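To keep things clear, I will list the structure first and then write my remarks on it.
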Amino acid sequence: MTVQTVSLNKSHGGMQGVYRHASRETQTEMTFSVFVPPHEENARLPVVFYLSGLTCTHANVTEKGEFRHACSELGLIFVAPDTSPRGADVPGDANNAYDFGLGAGFYVDATQAPFAKNYRMWSYVTDELPKLVAENFPVDEARQSVFGHSMGGHGALTVALRNPARYRAASAFAPIVAPSQVPWGIKALGGYLGNDRQVWRKHDTVALIEDGARFSEFLVDYGDADQFLGEQLRPELLKSACEKAKIPLTLRRQAGYDHSYYFISSFMSDHLRWHAARLKA
């Protein structure tokens with residue numbers, strides 16, 4: 001599969017690249033970023049996939065995430081895809097809302113018209129993109145992990161729960177843990193997957209755990225000044241589900257932090273060190 005290089009910049013001894021390719025899954029051009037740390041020739045490195053939140057592209061974490069110093073120190077490849085397909089012919093929200101359609105793919109494979117053709121973000125981030133990255137970068141496919149923010153935190157936790165043998169670690173910043181129970185998720189899952197709430201459960205972290213899905217452990221941070229905390233994020237539901245299922249959960253309440261990249265960048269190194277310990281175990 002052909003990958004076009006959009007930009008390359010040296011940083012912290014490694015190389016930050018932005019790339020574009022024609023996606024089989026979304027039937028659009030997709031853009032993603034990859035940071036490759038300094039490494040010995042022929043080395044194969046562990047890789048972390050970062051899934052972004054509503055309204056974001058690959059660029060938000062690439063430009064604001066402050067991950068490169070830690071990735072260079074720890075020897076981690078960092079991959080950041082877009083959050084949805086894009087293009088003139090890709091349908092969005094009829095009212096141009098920020099929480100559905102373009103920039104809001106919710107990491108599902110849509111089944112409802114007119115979204116089913118292009119909105120195949122689940123298959124993109126779990127199948128097409130990892131294979132593409134492995135073909136073009138010095139990745140050790142046996143050492144993968146996943147994390148994300150908000151909508152991307154939702155994606156990361158569900159991806160891990162449904163693929164526990166593939167990912168050695170999973171964490172999240174301010175994730176939407178029970179989309180079936182909150183406004184953002186109800187709108188997105190209904191719009192992409194239809195009205196059968198039983199179908200939604202495989203894209204809902206709390207519901208997956210209730211239905212028997214398991215993962216080795218999770219690290220989750222949220223800010224107690226997050227404006228979306230009570231209505232959209234509901235971390236207490238994840239805590240309860242993990243306790244009942246006996247899934248180890250480190251749930252950290254960060255005083256004074258909000259939902260922004262000021263919060264994410266403050267704890268990015270913590271998460272990367274946590275991932276590295278598990279990827280290199």
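Following the order of the structure tokens, chains are lettered A, B, ..., residues in each are numbered from 1, and ligands are numbered from 1.
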Find the spatial neighbours of stretch 187-197 of chain A, counting only C-alpha atoms, within a cut-off of 9 Å - ignore same-chain residues fewer than 6 positions away - and output them as a PDB file with C-alpha atoms, in the first residue's frame.
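Once written, part_0.pdb looks like this:
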```pdb
ATOM      1  CA  ASP A  99     -20.345  15.811  18.074  1.00  0.00           C
ATOM      2  CA  PHE A 100     -21.380  13.741  15.061  1.00  0.00           C
ATOM      3  CA  GLY A 101     -20.051  13.175  11.558  1.00  0.00           C
ATOM      4  CA  ALA A 104     -16.545  12.466  15.334  1.00  0.00           C
ATOM      5  CA  GLY A 105     -16.301   8.933  13.964  1.00  0.00           C
ATOM      6  CA  PHE A 106     -16.534   7.348  17.457  1.00  0.00           C
ATOM      7  CA  VAL A 108     -17.206   2.298  15.079  1.00  0.00           C
ATOM      8  CA  ASP A 109     -18.081   0.763  11.706  1.00  0.00           C
ATOM      9  CA  ALA A 110     -21.322   2.516  10.759  1.00  0.00           C
ATOM     10  CA  THR A 111     -24.197   0.424   9.451  1.00  0.00           C
ATOM     11  CA  GLN A 112     -26.699   3.232   8.804  1.00  0.00           C
ATOM     12  CA  ALA A 113     -27.095   5.295   5.627  1.00  0.00           C
ATOM     13  CA  PRO A 114     -25.518   7.579   4.586  1.00  0.00           C
ATOM     14  CA  PHE A 115     -22.590   6.853   6.930  1.00  0.00           C
ATOM     15  CA  ALA A 116     -21.959   3.146   6.296  1.00  0.00           C
ATOM     16  CA  TYR A 119     -17.413   5.696   8.564  1.00  0.00           C
ATOM     17  CA  PRO A 179     -21.592   6.026  25.661  1.00  0.00           C
ATOM     18  CA  SER A 180     -24.916   4.173  25.761  1.00  0.00           C
ATOM     19  CA  HIS A 203     -18.820  -0.193  21.626  1.00  0.00           C
TER      20      HIS A 203
END
```
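Every protein, DNA or RNA residue with an atom at most 7 Å from A:Phe49, where only C-alpha atoms count and chain neighbours fewer than 4 positions away do not, is listed here: Phe78, Val79, Ala80, Ser145, Val146 and Phe147 of chain A.
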Selection from above, all heavy atoms, as a tab-separated table (two decimals), in the first residue's frame, can you write it?
```
chain	number	residue	atom	x	y	z
A	78	PHE	N	5.10	6.26	18.20
A	78	PHE	CA	3.83	6.87	18.57
A	78	PHE	C	3.03	7.14	17.30
A	78	PHE	O	3.49	7.87	16.41
A	78	PHE	CB	4.09	8.18	19.31
A	78	PHE	CG	2.90	8.84	19.94
A	78	PHE	CD1	2.69	8.76	21.31
A	78	PHE	CD2	1.99	9.56	19.18
A	78	PHE	CE1	1.60	9.39	21.91
A	78	PHE	CE2	0.90	10.18	19.75
A	78	PHE	CZ	0.70	10.10	21.13
A	79	VAL	N	1.84	6.55	17.19
A	79	VAL	CA	1.01	6.66	15.99
A	79	VAL	C	-0.30	7.36	16.34
A	79	VAL	O	-0.97	6.99	17.31
A	79	VAL	CB	0.70	5.28	15.40
A	79	VAL	CG1	-0.17	5.41	14.14
A	79	VAL	CG2	1.98	4.52	15.08
A	80	ALA	N	-0.67	8.37	15.55
A	80	ALA	CA	-1.90	9.12	15.80
A	80	ALA	C	-2.72	9.23	14.51
A	80	ALA	O	-2.35	9.98	13.61
A	80	ALA	CB	-1.57	10.51	16.32
A	145	SER	N	0.33	-1.18	22.13
A	145	SER	CA	-0.60	-0.72	23.16
A	145	SER	C	-1.45	0.41	22.59
A	145	SER	O	-1.19	0.91	21.49
A	145	SER	CB	0.15	-0.26	24.41
A	145	SER	OG	0.87	0.93	24.17
A	146	VAL	N	-2.48	0.81	23.34
A	146	VAL	CA	-3.43	1.79	22.82
A	146	VAL	C	-3.90	2.69	23.95
A	146	VAL	O	-4.08	2.24	25.09
A	146	VAL	CB	-4.62	1.07	22.14
A	146	VAL	CG1	-5.39	0.20	23.13
A	146	VAL	CG2	-5.53	2.05	21.43
A	147	PHE	N	-4.05	3.99	23.65
A	147	PHE	CA	-4.64	4.91	24.60
A	147	PHE	C	-5.27	6.06	23.83
A	147	PHE	O	-5.20	6.12	22.60
A	147	PHE	CB	-3.64	5.37	25.66
A	147	PHE	CG	-2.52	6.29	25.25
A	147	PHE	CD1	-2.09	7.28	26.12
A	147	PHE	CD2	-1.83	6.15	24.04
A	147	PHE	CE1	-1.02	8.12	25.80
A	147	PHE	CE2	-0.78	6.97	23.71
A	147	PHE	CZ	-0.38	7.98	24.60
```
- Message: Applying 12 Å and only C-alpha atoms, which residues near A:Thr158 remain after dropping the ones on its own chain fewer than 2 positions away? List them as JSON, numbers by chain.
- Response: {"A": [51, 106, 107, 108, 122, 125, 126, 146, 147, 148, 151, 152, 153, 154, 155, 156, 160, 161, 162, 163, 164, 167, 170, 171, 172, 175, 176, 177, 178, 179, 200, 201, 202, 203, 204, 205, 206, 207, 208, 209, 213, 214, 215, 218]}
Give me every helix (DSSP H, G or I) residue in stretch 32-267 of chain A, going by DSSP on the backbone, as a CSV table (one decimal) with N, CA, C and O atoms, in the first residue's frame.
```csv
chain,number,residue,atom,x,y,z
A,58,HIS,N,-5.3,14.1,13.4
A,58,HIS,CA,-4.0,13.6,13.9
A,58,HIS,C,-3.2,14.8,14.5
A,58,HIS,O,-2.3,14.6,15.4
A,59,ALA,N,-3.5,16.0,14.1
A,59,ALA,CA,-2.6,17.1,14.4
A,59,ALA,C,-2.7,17.6,15.8
A,59,ALA,O,-1.7,18.1,16.4
A,60,ASN,N,-3.8,17.4,16.5
A,60,ASN,CA,-4.0,17.9,17.8
A,60,ASN,C,-2.9,17.4,18.8
A,60,ASN,O,-2.2,18.1,19.5
A,61,VAL,N,-2.9,16.0,18.9
A,61,VAL,CA,-1.9,15.4,19.8
A,61,VAL,C,-0.5,15.6,19.2
A,61,VAL,O,0.5,15.8,20.0
A,62,THR,N,-0.3,15.6,17.9
A,62,THR,CA,1.0,15.7,17.3
A,62,THR,C,1.6,17.0,17.7
A,62,THR,O,2.8,17.1,18.0
A,63,GLU,N,0.8,18.1,17.7
A,63,GLU,CA,1.3,19.4,18.0
A,63,GLU,C,1.3,19.8,19.5
A,63,GLU,O,2.0,20.7,19.9
A,64,LYS,N,0.3,19.2,20.2
A,64,LYS,CA,0.1,19.7,21.6
A,64,LYS,C,0.4,18.6,22.7
A,64,LYS,O,0.4,18.9,23.8
A,68,ARG,N,7.1,13.5,22.5
A,68,ARG,CA,8.3,13.1,21.8
A,68,ARG,C,9.5,12.9,22.7
A,68,ARG,O,10.3,11.9,22.5
A,69,HIS,N,9.6,13.7,23.7
A,69,HIS,CA,10.8,13.5,24.6
A,69,HIS,C,10.7,12.2,25.3
A,69,HIS,O,11.7,11.4,25.4
A,70,ALA,N,9.5,11.9,25.9
A,70,ALA,CA,9.4,10.6,26.5
A,70,ALA,C,9.5,9.4,25.6
A,70,ALA,O,10.1,8.4,25.9
A,71,CYS,N,8.9,9.5,24.4
A,71,CYS,CA,9.0,8.4,23.4
A,71,CYS,C,10.5,8.2,23.0
A,71,CYS,O,10.9,7.0,22.8
A,72,SER,N,11.3,9.2,22.9
A,72,SER,CA,12.7,9.1,22.5
A,72,SER,C,13.4,8.4,23.7
A,72,SER,O,14.3,7.5,23.5
A,73,GLU,N,13.1,8.8,24.9
A,73,GLU,CA,13.8,8.2,26.1
A,73,GLU,C,13.4,6.8,26.2
A,73,GLU,O,14.3,5.9,26.6
A,74,LEU,N,12.1,6.4,26.0
A,74,LEU,CA,11.6,5.1,26.2
A,74,LEU,C,11.7,4.2,25.0
A,74,LEU,O,11.5,3.0,25.1
A,121,MET,N,-14.3,3.5,11.1
A,121,MET,CA,-13.1,3.8,11.9
A,121,MET,C,-12.7,2.6,12.8
A,121,MET,O,-11.5,2.5,13.1
A,122,TRP,N,-13.6,1.7,13.2
A,122,TRP,CA,-13.2,0.6,13.9
A,122,TRP,C,-12.2,-0.3,13.1
A,122,TRP,O,-11.1,-0.6,13.6
A,123,SER,N,-12.6,-0.6,11.9
A,123,SER,CA,-11.8,-1.5,11.1
A,123,SER,C,-10.5,-0.7,10.7
A,123,SER,O,-9.5,-1.4,10.5
A,124,TYR,N,-10.6,0.6,10.5
A,124,TYR,CA,-9.4,1.3,10.2
A,124,TYR,C,-8.4,1.3,11.3
A,124,TYR,O,-7.2,1.0,11.0
A,125,VAL,N,-8.8,1.6,12.5
A,125,VAL,CA,-7.8,1.6,13.6
A,125,VAL,C,-7.4,0.3,14.2
A,125,VAL,O,-6.3,0.2,14.7
A,126,THR,N,-8.2,-0.8,14.0
A,126,THR,CA,-7.8,-2.1,14.5
A,126,THR,C,-7.2,-3.0,13.5
A,126,THR,O,-6.5,-4.0,13.8
A,127,ASP,N,-7.4,-2.7,12.2
A,127,ASP,CA,-6.9,-3.6,11.1
A,127,ASP,C,-6.0,-2.9,10.1
A,127,ASP,O,-4.8,-3.1,10.0
A,128,GLU,N,-6.6,-1.9,9.3
A,128,GLU,CA,-5.9,-1.3,8.2
A,128,GLU,C,-4.7,-0.5,8.6
A,128,GLU,O,-3.6,-0.7,8.1
A,129,LEU,N,-4.8,0.4,9.6
A,129,LEU,CA,-3.7,1.2,10.0
A,129,LEU,C,-2.6,0.5,10.7
A,129,LEU,O,-1.4,0.7,10.3
A,130,PRO,N,-2.9,-0.4,11.6
A,130,PRO,CA,-1.7,-1.2,12.2
A,130,PRO,C,-0.9,-2.0,11.2
A,130,PRO,O,0.3,-2.0,11.3
A,131,LYS,N,-1.6,-2.6,10.2
A,131,LYS,CA,-0.9,-3.3,9.1
A,131,LYS,C,0.0,-2.3,8.3
A,131,LYS,O,1.1,-2.6,7.9
A,132,LEU,N,-0.6,-1.2,8.0
A,132,LEU,CA,0.1,-0.2,7.2
A,132,LEU,C,1.3,0.3,7.9
A,132,LEU,O,2.4,0.4,7.3
A,133,VAL,N,1.2,0.6,9.2
A,133,VAL,CA,2.3,1.1,10.0
A,133,VAL,C,3.4,0.0,10.1
A,133,VAL,O,4.6,0.3,10.0
A,134,ALA,N,3.0,-1.3,10.3
A,134,ALA,CA,4.0,-2.4,10.4
A,134,ALA,C,4.7,-2.6,9.1
A,134,ALA,O,5.9,-3.0,9.1
A,135,GLU,N,4.1,-2.3,8.0
A,135,GLU,CA,4.7,-2.5,6.7
A,135,GLU,C,5.8,-1.4,6.4
A,135,GLU,O,6.7,-1.6,5.6
A,136,ASN,N,5.6,-0.2,7.0
A,136,ASN,CA,6.4,1.0,6.6
A,136,ASN,C,7.3,1.5,7.7
A,136,ASN,O,8.1,2.5,7.4
A,151,MET,N,-13.5,10.9,23.4
A,151,MET,CA,-14.0,9.9,22.4
A,151,MET,C,-12.9,8.9,22.1
A,151,MET,O,-13.2,7.7,21.9
A,152,GLY,N,-11.7,9.3,22.0
A,152,GLY,CA,-10.6,8.4,21.8
A,152,GLY,C,-10.3,7.5,22.9
A,152,GLY,O,-9.8,6.4,22.8
A,153,GLY,N,-10.5,8.0,24.2
A,153,GLY,CA,-10.4,7.1,25.3
A,153,GLY,C,-11.5,6.0,25.3
A,153,GLY,O,-11.2,4.9,25.6
A,154,HIS,N,-12.7,6.4,24.9
A,154,HIS,CA,-13.7,5.4,24.6
A,154,HIS,C,-13.2,4.4,23.6
A,154,HIS,O,-13.3,3.1,23.8
A,155,GLY,N,-12.7,4.8,22.5
A,155,GLY,CA,-12.2,3.9,21.5
A,155,GLY,C,-11.1,3.0,22.0
A,155,GLY,O,-11.1,1.8,21.7
A,156,ALA,N,-10.1,3.6,22.7
A,156,ALA,CA,-9.0,2.8,23.2
A,156,ALA,C,-9.4,1.7,24.1
A,156,ALA,O,-9.0,0.5,24.0
A,157,LEU,N,-10.3,2.0,25.1
A,157,LEU,CA,-10.8,1.0,26.1
A,157,LEU,C,-11.6,-0.1,25.4
A,157,LEU,O,-11.4,-1.3,25.7
A,158,THR,N,-12.4,0.3,24.4
A,158,THR,CA,-13.2,-0.8,23.7
A,158,THR,C,-12.3,-1.6,22.8
A,158,THR,O,-12.5,-2.8,22.8
A,159,VAL,N,-11.4,-1.0,22.2
A,159,VAL,CA,-10.4,-1.8,21.3
A,159,VAL,C,-9.7,-2.8,22.2
A,159,VAL,O,-9.5,-3.9,21.8
A,160,ALA,N,-9.2,-2.4,23.3
A,160,ALA,CA,-8.4,-3.2,24.2
A,160,ALA,C,-9.3,-4.4,24.7
A,160,ALA,O,-8.9,-5.6,24.7
A,161,LEU,N,-10.5,-4.1,25.2
A,161,LEU,CA,-11.4,-5.1,25.7
A,161,LEU,C,-11.8,-6.2,24.7
A,161,LEU,O,-12.0,-7.3,25.0
A,162,ARG,N,-11.9,-5.7,23.4
A,162,ARG,CA,-12.2,-6.7,22.4
A,162,ARG,C,-11.0,-7.4,21.7
A,162,ARG,O,-11.2,-8.3,20.9
A,179,PRO,N,-20.9,5.2,26.7
A,179,PRO,CA,-21.6,6.0,25.7
A,179,PRO,C,-23.1,5.7,25.5
A,179,PRO,O,-23.9,6.6,25.1
A,180,SER,N,-23.5,4.5,25.8
A,180,SER,CA,-24.9,4.2,25.8
A,180,SER,C,-25.8,5.0,26.8
A,180,SER,O,-27.0,5.0,26.6
A,181,GLN,N,-25.1,5.6,27.7
A,181,GLN,CA,-25.8,6.3,28.8
A,181,GLN,C,-25.7,7.8,28.8
A,181,GLN,O,-26.2,8.4,29.7
A,183,PRO,N,-25.3,11.7,26.5
A,183,PRO,CA,-25.7,12.3,25.3
A,183,PRO,C,-24.8,12.2,24.0
A,183,PRO,O,-25.3,11.9,22.9
A,184,TRP,N,-23.5,12.4,24.2
A,184,TRP,CA,-22.6,12.2,23.0
A,184,TRP,C,-22.8,10.8,22.4
A,184,TRP,O,-22.9,10.7,21.2
A,185,GLY,N,-22.7,9.8,23.3
A,185,GLY,CA,-22.7,8.5,22.8
A,185,GLY,C,-24.1,8.1,22.3
A,185,GLY,O,-24.1,7.4,21.2
A,186,ILE,N,-25.1,8.4,22.9
A,186,ILE,CA,-26.5,8.1,22.4
A,186,ILE,C,-26.7,8.6,21.0
A,186,ILE,O,-27.2,7.9,20.1
A,187,LYS,N,-26.3,9.9,20.8
A,187,LYS,CA,-26.4,10.5,19.4
A,187,LYS,C,-25.5,9.7,18.4
A,187,LYS,O,-26.0,9.4,17.3
A,188,ALA,N,-24.3,9.5,18.8
A,188,ALA,CA,-23.3,8.8,17.8
A,188,ALA,C,-23.7,7.4,17.6
A,188,ALA,O,-23.8,7.0,16.4
A,189,LEU,N,-23.9,6.6,18.6
A,189,LEU,CA,-24.2,5.2,18.4
A,189,LEU,C,-25.5,5.0,17.7
A,189,LEU,O,-25.6,4.1,16.8
A,190,GLY,N,-26.5,5.8,18.0
A,190,GLY,CA,-27.8,5.7,17.3
A,190,GLY,C,-27.6,6.1,15.8
A,190,GLY,O,-28.2,5.4,15.0
A,191,GLY,N,-26.9,7.2,15.6
A,191,GLY,CA,-26.7,7.6,14.2
A,191,GLY,C,-26.0,6.7,13.3
A,191,GLY,O,-26.3,6.5,12.2
A,192,TYR,N,-24.9,6.1,13.9
A,192,TYR,CA,-24.1,5.2,13.1
A,192,TYR,C,-24.6,3.8,13.1
A,192,TYR,O,-24.4,3.1,12.1
A,193,LEU,N,-25.1,3.3,14.2
A,193,LEU,CA,-25.4,1.9,14.3
A,193,LEU,C,-26.9,1.5,14.4
A,193,LEU,O,-27.3,0.4,14.3
A,197,ARG,N,-30.2,-1.0,20.9
A,197,ARG,CA,-29.2,-0.7,21.9
A,197,ARG,C,-28.3,-1.9,22.2
A,197,ARG,O,-27.2,-1.8,22.8
A,198,GLN,N,-28.8,-3.1,21.9
A,198,GLN,CA,-28.0,-4.3,22.1
A,198,GLN,C,-26.7,-4.3,21.2
A,198,GLN,O,-25.7,-4.7,21.7
A,199,VAL,N,-26.9,-3.7,20.0
A,199,VAL,CA,-25.8,-3.6,19.1
A,199,VAL,C,-24.7,-2.6,19.7
A,199,VAL,O,-23.5,-2.8,19.4
A,200,TRP,N,-25.2,-1.6,20.4
A,200,TRP,CA,-24.3,-0.6,20.9
A,200,TRP,C,-23.3,-1.1,21.9
A,200,TRP,O,-22.2,-0.6,22.1
A,201,ARG,N,-23.7,-2.2,22.6
A,201,ARG,CA,-23.0,-2.7,23.8
A,201,ARG,C,-21.5,-3.1,23.5
A,201,ARG,O,-20.6,-2.9,24.3
A,202,LYS,N,-21.2,-3.5,22.2
A,202,LYS,CA,-19.9,-3.9,21.9
A,202,LYS,C,-19.0,-2.6,21.7
A,202,LYS,O,-17.8,-2.8,21.4
A,203,HIS,N,-19.6,-1.4,21.7
A,203,HIS,CA,-18.8,-0.2,21.6
A,203,HIS,C,-19.0,0.7,22.9
A,203,HIS,O,-18.9,1.9,22.8
A,205,THR,N,-17.6,0.7,26.9
A,205,THR,CA,-16.7,0.0,27.8
A,205,THR,C,-17.4,-0.7,29.0
A,205,THR,O,-17.1,-1.8,29.3
A,206,VAL,N,-18.3,0.1,29.6
A,206,VAL,CA,-19.0,-0.5,30.8
A,206,VAL,C,-19.8,-1.7,30.4
A,206,VAL,O,-19.8,-2.7,31.1
A,207,ALA,N,-20.5,-1.6,29.3
A,207,ALA,CA,-21.4,-2.7,28.8
A,207,ALA,C,-20.5,-3.9,28.4
A,207,ALA,O,-20.9,-5.0,28.7
A,208,LEU,N,-19.4,-3.7,27.8
A,208,LEU,CA,-18.5,-4.8,27.4
A,208,LEU,C,-18.0,-5.5,28.7
A,208,LEU,O,-18.0,-6.8,28.7
A,209,ILE,N,-17.7,-4.8,29.7
A,209,ILE,CA,-17.2,-5.4,31.0
A,209,ILE,C,-18.4,-6.2,31.6
A,209,ILE,O,-18.3,-7.3,32.1
A,210,GLU,N,-19.6,-5.6,31.6
A,210,GLU,CA,-20.8,-6.3,32.1
A,210,GLU,C,-21.1,-7.6,31.4
A,210,GLU,O,-21.5,-8.5,32.0
A,229,LEU,N,-17.5,16.3,32.8
A,229,LEU,CA,-17.3,15.2,33.8
A,229,LEU,C,-18.6,14.5,34.1
A,229,LEU,O,-18.8,13.3,34.0
A,230,GLY,N,-19.6,15.2,34.6
A,230,GLY,CA,-20.8,14.6,35.2
A,230,GLY,C,-21.8,14.2,34.1
A,230,GLY,O,-22.4,13.1,34.3
A,231,GLU,N,-21.9,14.9,33.0
A,231,GLU,CA,-22.9,14.5,32.0
A,231,GLU,C,-22.4,13.5,31.0
A,231,GLU,O,-23.1,12.7,30.6
A,232,GLN,N,-21.1,13.6,30.6
A,232,GLN,CA,-20.6,12.8,29.4
A,232,GLN,C,-19.6,11.7,29.8
A,232,GLN,O,-19.6,10.7,29.1
A,233,LEU,N,-18.8,11.9,30.8
A,233,LEU,CA,-17.7,11.0,31.0
A,233,LEU,C,-18.0,9.9,32.0
A,233,LEU,O,-17.6,8.8,31.8
A,235,PRO,N,-16.8,8.7,35.1
A,235,PRO,CA,-15.8,7.7,35.5
A,235,PRO,C,-16.2,6.8,36.6
A,235,PRO,O,-15.7,5.7,36.7
A,236,GLU,N,-17.2,7.2,37.4
A,236,GLU,CA,-17.7,6.3,38.5
A,236,GLU,C,-18.3,5.1,38.0
A,236,GLU,O,-18.3,4.0,38.6
A,237,LEU,N,-18.9,5.1,36.8
A,237,LEU,CA,-19.4,3.9,36.2
A,237,LEU,C,-18.3,2.9,35.8
A,237,LEU,O,-18.5,1.7,35.9
A,238,LEU,N,-17.2,3.4,35.3
A,238,LEU,CA,-16.1,2.5,35.0
A,238,LEU,C,-15.5,1.9,36.3
A,238,LEU,O,-15.2,0.7,36.3
A,239,LYS,N,-15.4,2.7,37.3
A,239,LYS,CA,-14.9,2.2,38.6
A,239,LYS,C,-15.8,1.1,39.1
A,239,LYS,O,-15.3,0.0,39.5
A,240,SER,N,-17.1,1.3,39.1
A,240,SER,CA,-18.0,0.2,39.6
A,240,SER,C,-17.9,-1.0,38.7
A,240,SER,O,-17.8,-2.1,39.3
A,241,ALA,N,-17.9,-0.9,37.4
A,241,ALA,CA,-17.8,-2.0,36.5
A,241,ALA,C,-16.5,-2.8,36.7
A,241,ALA,O,-16.5,-4.1,36.8
A,242,CYS,N,-15.4,-2.1,36.9
A,242,CYS,CA,-14.1,-2.8,37.1
A,242,CYS,C,-14.0,-3.5,38.4
A,242,CYS,O,-13.5,-4.6,38.5
A,243,GLU,N,-14.6,-2.9,39.4
A,243,GLU,CA,-14.6,-3.5,40.8
A,243,GLU,C,-15.4,-4.8,40.7
A,243,GLU,O,-14.9,-5.8,41.3
A,244,LYS,N,-16.6,-4.8,40.1
A,244,LYS,CA,-17.4,-6.0,40.0
A,244,LYS,C,-16.7,-7.1,39.2
A,244,LYS,O,-16.8,-8.3,39.5
A,245,ALA,N,-16.0,-6.7,38.2
A,245,ALA,CA,-15.3,-7.7,37.3
A,245,ALA,C,-13.9,-8.0,37.7
A,245,ALA,O,-13.3,-8.9,37.1
A,261,TYR,N,-5.8,19.9,26.1
A,261,TYR,CA,-4.5,19.4,26.0
A,261,TYR,C,-3.5,19.9,27.0
A,261,TYR,O,-2.4,19.4,27.2
A,262,TYR,N,-3.9,20.9,27.7
A,262,TYR,CA,-3.1,21.3,28.9
A,262,TYR,C,-3.1,20.2,29.9
A,262,TYR,O,-2.1,19.9,30.6
A,263,PHE,N,-4.2,19.6,30.1
A,263,PHE,CA,-4.4,18.4,31.0
A,263,PHE,C,-3.6,17.2,30.4
A,263,PHE,O,-2.8,16.6,31.1
A,264,ILE,N,-3.9,16.9,29.1
A,264,ILE,CA,-3.3,15.7,28.5
A,264,ILE,C,-1.8,15.8,28.6
A,264,ILE,O,-1.1,14.8,29.0
A,265,SER,N,-1.2,16.9,28.1
A,265,SER,CA,0.2,17.0,28.1
A,265,SER,C,0.9,16.9,29.4
A,265,SER,O,2.0,16.5,29.6
A,266,SER,N,0.1,17.3,30.5
A,266,SER,CA,0.7,17.3,31.8
A,266,SER,C,0.9,15.9,32.3
A,266,SER,O,1.8,15.6,33.1
A,267,PHE,N,0.1,14.9,31.8
A,267,PHE,CA,0.2,13.5,32.3
A,267,PHE,C,0.6,12.5,31.2
A,267,PHE,O,0.6,11.3,31.4
```
- Would you please give, as a ChimeraX atom specification, all residues of stretch 108-269 of chain A that DSSP assigns to strand (DSSP E or B) based on the backbone? /A:109,120,139-149,167-173,218-223,249-254
